[in-house]
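Data first, discussion second: the structure below is written as structure tokens.
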Amino acid sequence: MSSSHTIVQLPDQSTAQLPRKHYLNQELGLKSWLLTGDHKRIAMLYLFSITFFFFIGGAFASLIRLQLLTPGSDLLAPDTYNKVFSMHGIVMIFLFLVPSVPATLGNFLIPIMIGAKDLAFPKINLLSWYLFVAGGLFILAAMILGGVDTGWTFTTPLSTHYLNTHVVTAALGIFIAGFASILTGLNFIVTIHRMRAPGMTWFRLPLFVWGHYAASILMVLGTPVLAITLVLVALERTIGIGVFDPTKGGDPLLFQHLFWFYSHPAVYIMILPGMAVISEVISTFSRKRIFGYTAVAFSSVAIAIFGFFVWEHHMFIMGVSNYSALVFSLLTMLVAVPSAIKIFNWSATLYKGSITFETPMLYAFGFLGLFTIGGLTGVFLGSMGMDVHLTETYFIVAHFHFVMVGGMLMAYLAGMHFWWPKITGRMYPEAISKLAAVVTFIGFIFTFFPQFILGYLGMPRRYASYPPEFQVLNVLSTAGASILAVGYLLPMLYMPWSLKYGKIAGNNPWQATGLEWQIASPPLTENFVETPIVDHEAYDYEWLANQTEHEVKTVG
Amino acid sequence: MDSPAIATVNGEMHAEAHAHPAHLRHHFETVEQQREAASFGMWLFLLTEVMFFGGMFMAYLIYRNWYHAAFVAGCNTLNIWLGTINTAVLICSSLTMAMAVYSAEKRHKKSLITYLILTIVLGLAFLGIKSVEYAEKFELHHVPGPNFSIEQFVHPTNPKAVALAPDMAEKTQVYFSLYFAMTGMHALHMIIGISILIILVVRAFGGAYTDGHMTTIENFGLYWHFVDIVWIFLFPLLYLISRYR
């Protein structure tokens, strides 16, 4: 099947019909879902689970913002507050952000985008979901049994000696969920290497695949280090070994090194798949090939490589040597270069593009602005002098929420709206979803921008109370969070609504070029009837436009 | 070629799918592609294992530099004979595993099963000797935790050993923490390996792996050799630090 022919015949939207058989109704019943090997169904299982955990993490976020409405610790006792922000961090990072795009959209789309019938290891893919759920249950158990109050960073010796909460249960949950992440990354790498359709060369791959490839490298190489670190913490708590314990000769700083050796690359595990989504969305709604395709592709890999050599910037105030801090400061600034390459290339793609403002594009614009602010404030924090002033304040909180919520969550929602027609076969309601995108953006700015100022003025993070002079900005932030909550609740209402009442989407509602848009919506279980033969570069919109013109001339 | 063809289920597809060899999973084009994917996946998994053990080797490197005297003293209390025998046992088990892969390749069911069982026996022997060593440590109060005792390092009973100052003797606890964490994680990998071996033996009795489809045996062989190699690093690092200079 040459993709050239299918693209020319853009399907008629008005007469579009759902295919009779597709991956959702191929088999029915709970068992067919729980034992499925189909990457699309596993993506749906992940989608349900991470939405559930997003709710929980979001509920904790609401409690935090309510608590900070007033200067005193009026709503929650200080130790309860510690547990609330710890659970917010653990749930959002390990159970939402890390698997968000890769395990749902990545799982669904990577095989289709490279022209394969499935991921290389369907059973391992299913196993990764079960591990994720098991890890999630352990973390929930830690929460229900009384909570954890170490923060998501499990700082020793606080976590090993001084707290009498469910540290081991939570650490075990993260350990197990980590294996889900390792297996997903491993599956993606093997699939991208070995399962590409004939003609799908590395430089014809959509940038979505490149972004996930880079993130997978980080998952595979970084996560095991977190696993062994948590094992050592658990052994230290349970039987009293002394690797991180200063009273026995261990060094707590070693824990920080090992922890951040994973946890800094982890922020790139979270953001790279988001960037992968943005490349697809911006190209489609500008009707242009991504400017500097090769640069964007290699910048993903560069971020993955640099990302492994910057971890010490989390430890500038922890007594590391000045010389190593200098080197890590320089490397931290270097990692901004590939990120900037992406932002500039996306902007250049927009230049003279035929831009339309569908919902995914609105979210993508939100991403561009918010990620840029988040990324640049990261450079502030990477410079040592500024870091001493700003670290452990709300400036840090604002910085990583700009990257993770402003960047990643916007990208996740952009991707969810963009591929919703492909996943379900039906369109989301356009008007209300545009409203949701705008509300999210406004709510976000009001929530997190004041926190930059608060942090700069010196409000520390992780405290249940604060001096009264910070109240105005905190009220502003809480008010923004309420708007933000509306922005997130809207899609959770209209997305399920669209499953029944949405307009039928047809194969290619965006008239996009990717392989995933050339097959039925929702796709068949085996994705392609025949193995596609790829003879085009990705995002060839100029060619598509020429073909459509030609078609009109000859037919009409 | 027309686009409606893509949107409908093609009836011939399924009939065609069954023309392939039984062990070719439906989403692969060829047996070769399936074999390469599996082996590539296994190597990647071993890479994650390298990173997993890497964290502990990093800790070892740092603490051995800081507390060299304590590490030498701790090392000298280990039973070098048991350690050496265990190394030999493990190397032999790698040989039997390699022979098992070879037998699968040659499609000799009987010798495949024999070599797999031999590998299990050698693996269990290793764990048995290891548990004897662990028991010795318990008796000497060399297990880190509340019952750890530095007595033997401050006032050594062995005339060849050097007495440590109490301050440095405390640091032997770091050595033993790493000793138990590293050998413990290695032993855990052995236990997982032996459990998988038992499944492989049962399946081999049913005629699996000798029908030309032996990817599983090959990949498990890689795992088993990897666990061996970890021990090849652990043995000199933990047992052979300047023994009685």
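Each chain in the structure tokens gets a letter, A, B and so on, in the order shown; residues start at 1 in every chain, and ligands are counted from 1 in the order they appear.
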
Worksheet item: What's the 7 Å shell around range 56-71 of chain A, counting only C-alpha atoms, without same-chain residues fewer than 6 positions away, as a list in words?
Response: Val84, Phe85, His88, Val91, Met92, Ser465, Tyr466, Pro467, Pro468, Gln471, Asn474, Val475 and Thr478 of chain A

Kindly save the residues from that selection, with C-alpha atoms included, as a PDB file, in the first residue's frame.
```pdb
ATOM      1  CA  VAL A  84      -0.431  15.950  51.309  1.00  0.00           C
ATOM      2  CA  PHE A  85       2.344  17.611  49.296  1.00  0.00           C
ATOM      3  CA  HIS A  88       0.800  15.095  45.401  1.00  0.00           C
ATOM      4  CA  VAL A  91       1.334  10.477  42.476  1.00  0.00           C
ATOM      5  CA  MET A  92       1.721  13.213  39.878  1.00  0.00           C
ATOM      6  CA  SER A 465       2.215  28.321  56.960  1.00  0.00           C
ATOM      7  CA  TYR A 466       3.855  31.553  55.777  1.00  0.00           C
ATOM      8  CA  PRO A 467       4.306  35.188  56.878  1.00  0.00           C
ATOM      9  CA  PRO A 468       1.123  37.254  56.333  1.00  0.00           C
ATOM     10  CA  GLN A 471      -1.024  36.306  51.456  1.00  0.00           C
ATOM     11  CA  ASN A 474      -1.078  33.190  47.575  1.00  0.00           C
ATOM     12  CA  VAL A 475      -4.763  34.082  47.290  1.00  0.00           C
ATOM     13  CA  THR A 478      -5.353  29.691  44.823  1.00  0.00           C
TER      14      THR A 478
END
```

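The neighbours of Ala161 in chain B here are the residues that come within 12 Å of it, using only C-alpha atoms and leaving out any residue fewer than 5 positions away in the same chain; they are Ala69, Ala70, Val72, Ala73, Gly74, Cys75, Asn76, Thr77, Gln152, Phe153, Val154, His155, Pro156, Ser242, Arg243, Tyr244 and Arg245 of chain B.
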
Discussion item. Using only C-alpha atoms, which protein or nucleic acid residues come within 12 Å of Val267 in chain A? Drop anything in the same chain fewer than 4 positions from it, and give the result as a VMD selection string.
Written reply: chain A and resid 93 to 94 97 to 99 215 218 to 219 222 to 223 260 to 263 271 to 274 303 to 304 307 to 308 310 to 311 375 378 400 to 401 403 to 405 407 to 408

Suppose we keep C-alpha atoms; can you now write the selection as a compact mmCIF listing (two decimals), in the first residue's frame?
```
# COMPACT_ATOMS: atom_id res chain seq x y z
CA ILE A 93 5.30 12.37 38.95
CA PHE A 94 5.44 8.59 39.05
CA LEU A 97 3.64 12.51 34.29
CA VAL A 98 6.13 9.71 33.61
CA PRO A 99 3.62 7.40 31.88
CA ALA A 215 12.72 9.43 26.18
CA LEU A 218 16.36 7.78 29.47
CA MET A 219 13.78 5.35 30.87
CA GLY A 222 17.95 6.01 34.32
CA THR A 223 15.16 4.09 36.04
CA TRP A 260 19.06 12.80 41.02
CA PHE A 261 20.98 10.68 38.53
CA TYR A 262 17.54 9.28 37.74
CA SER A 263 15.31 12.13 38.78
CA ILE A 271 8.92 16.49 28.71
CA LEU A 272 10.37 14.78 25.59
CA PRO A 273 7.14 12.92 24.72
CA GLY A 274 5.33 16.24 25.20
CA ILE A 303 18.52 16.42 25.39
CA ALA A 304 18.60 12.74 26.35
CA GLY A 307 20.17 15.20 30.51
CA PHE A 308 22.38 12.56 32.13
CA VAL A 310 23.38 17.83 34.83
CA TRP A 311 22.00 16.17 37.97
CA GLY A 375 12.87 26.49 30.53
CA GLY A 378 15.61 26.69 34.68
CA PHE A 400 8.96 23.05 37.44
CA HIS A 401 5.22 23.56 37.30
CA VAL A 403 7.65 22.94 32.61
CA MET A 404 5.58 20.02 33.87
CA VAL A 405 2.05 21.47 33.98
CA GLY A 407 4.57 22.31 29.23
CA MET A 408 3.82 18.66 29.64
```

I want to know what sits within 9 Å of Leu200 in chain B, based on only C-alpha atoms, with residues of the same chain fewer than 4 positions away left out; could you give that as a compact mmCIF listing (two decimals) with N, CA and C atoms, in the first residue's frame?
```txt
# COMPACT_ATOMS: atom_id res chain seq x y z
N ILE B 113 17.91 -31.15 28.37
CA ILE B 113 17.32 -31.27 29.71
C ILE B 113 18.43 -31.54 30.74
N LEU B 116 20.35 -28.35 31.45
CA LEU B 116 19.55 -27.38 32.21
C LEU B 116 19.49 -27.79 33.67
N SER B 195 14.40 -20.10 39.16
CA SER B 195 12.96 -20.29 38.97
C SER B 195 12.63 -20.38 37.49
N ILE B 196 13.26 -19.51 36.68
CA ILE B 196 12.99 -19.55 35.24
C ILE B 196 13.51 -20.87 34.66
N ALA B 204 10.92 -27.96 28.27
CA ALA B 204 11.81 -28.76 27.41
C ALA B 204 11.35 -30.22 27.38
N PHE B 205 10.83 -30.70 28.52
CA PHE B 205 10.27 -32.05 28.55
C PHE B 205 9.13 -32.17 27.54
N ALA B 208 9.73 -28.42 23.78
CA ALA B 208 10.02 -27.05 23.34
C ALA B 208 11.52 -26.87 23.15
N TYR B 209 11.89 -25.87 22.42
CA TYR B 209 13.27 -25.39 22.20
C TYR B 209 14.12 -26.30 21.32
N THR B 216 14.18 -18.37 23.29
CA THR B 216 14.03 -18.26 24.74
C THR B 216 15.27 -18.79 25.45
N ILE B 217 15.74 -19.98 25.02
CA ILE B 217 16.92 -20.58 25.66
C ILE B 217 18.13 -19.67 25.46
```

Discussion item. Please list as a list in words every residue within 10 Å of range 232-235 of chain B, counting only C-alpha atoms and excluding residues in the same chain fewer than 5 positions away.
Written reply: Phe57, Ile80, Gly83, Thr84, Asn86, Thr87, Leu90, Ile91, Tyr179, Met182, Thr183, His186, Phe226, Val227, Leu240 and Ile241 of chain B

Worksheet item: In Å, with one decimal, what is the gap from CA of Gly382 in chain A to CA of Met333 in chain A?
Response: 6.6 Å

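Nearest residue to chain B, choosing from A:Phe96, A:Phe528, A:Phe371, A:Trp420 and counting only C-alpha atoms: A:Phe528.
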
Item to complete: Report as an NGL selection string: the residues of range 154-236 of chain B with a DSSP assignment of alpha helix (DSSP H), based on the backbone of this structure.
Response: :B and (154 or 166-170 or 172-205 or 215-236)

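What separates CA of Val439 in chain A from CA of Tyr394 in chain A is a distance of 23.3 Å.
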
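Take CA of Leu140 in chain B and CA of Leu235 in chain A: the distance between them is 20.3 Å.
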
Under the rule of at most 12 Å, produce a per-residue listing of range 440-527 of chain A near range 19-43 of chain B: chain, number, name, the closest pair of atoms, and the distance in Å, as a Markdown table, using only C-alpha atoms.
```
| residue | atom | partner | partner_atom | distance |
| --- | --- | --- | --- | --- |
| A:Thr525 | CA | B:His27 | CA | 10.8 |
| A:Glu526 | CA | B:His27 | CA | 7.9 |
| A:Asn527 | CA | B:His27 | CA | 10.1 |
```

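Nearest to chain B of all the residues A:Ile355, A:Ala437, A:Val529, A:Met87 is A:Val529, counting only C-alpha atoms.
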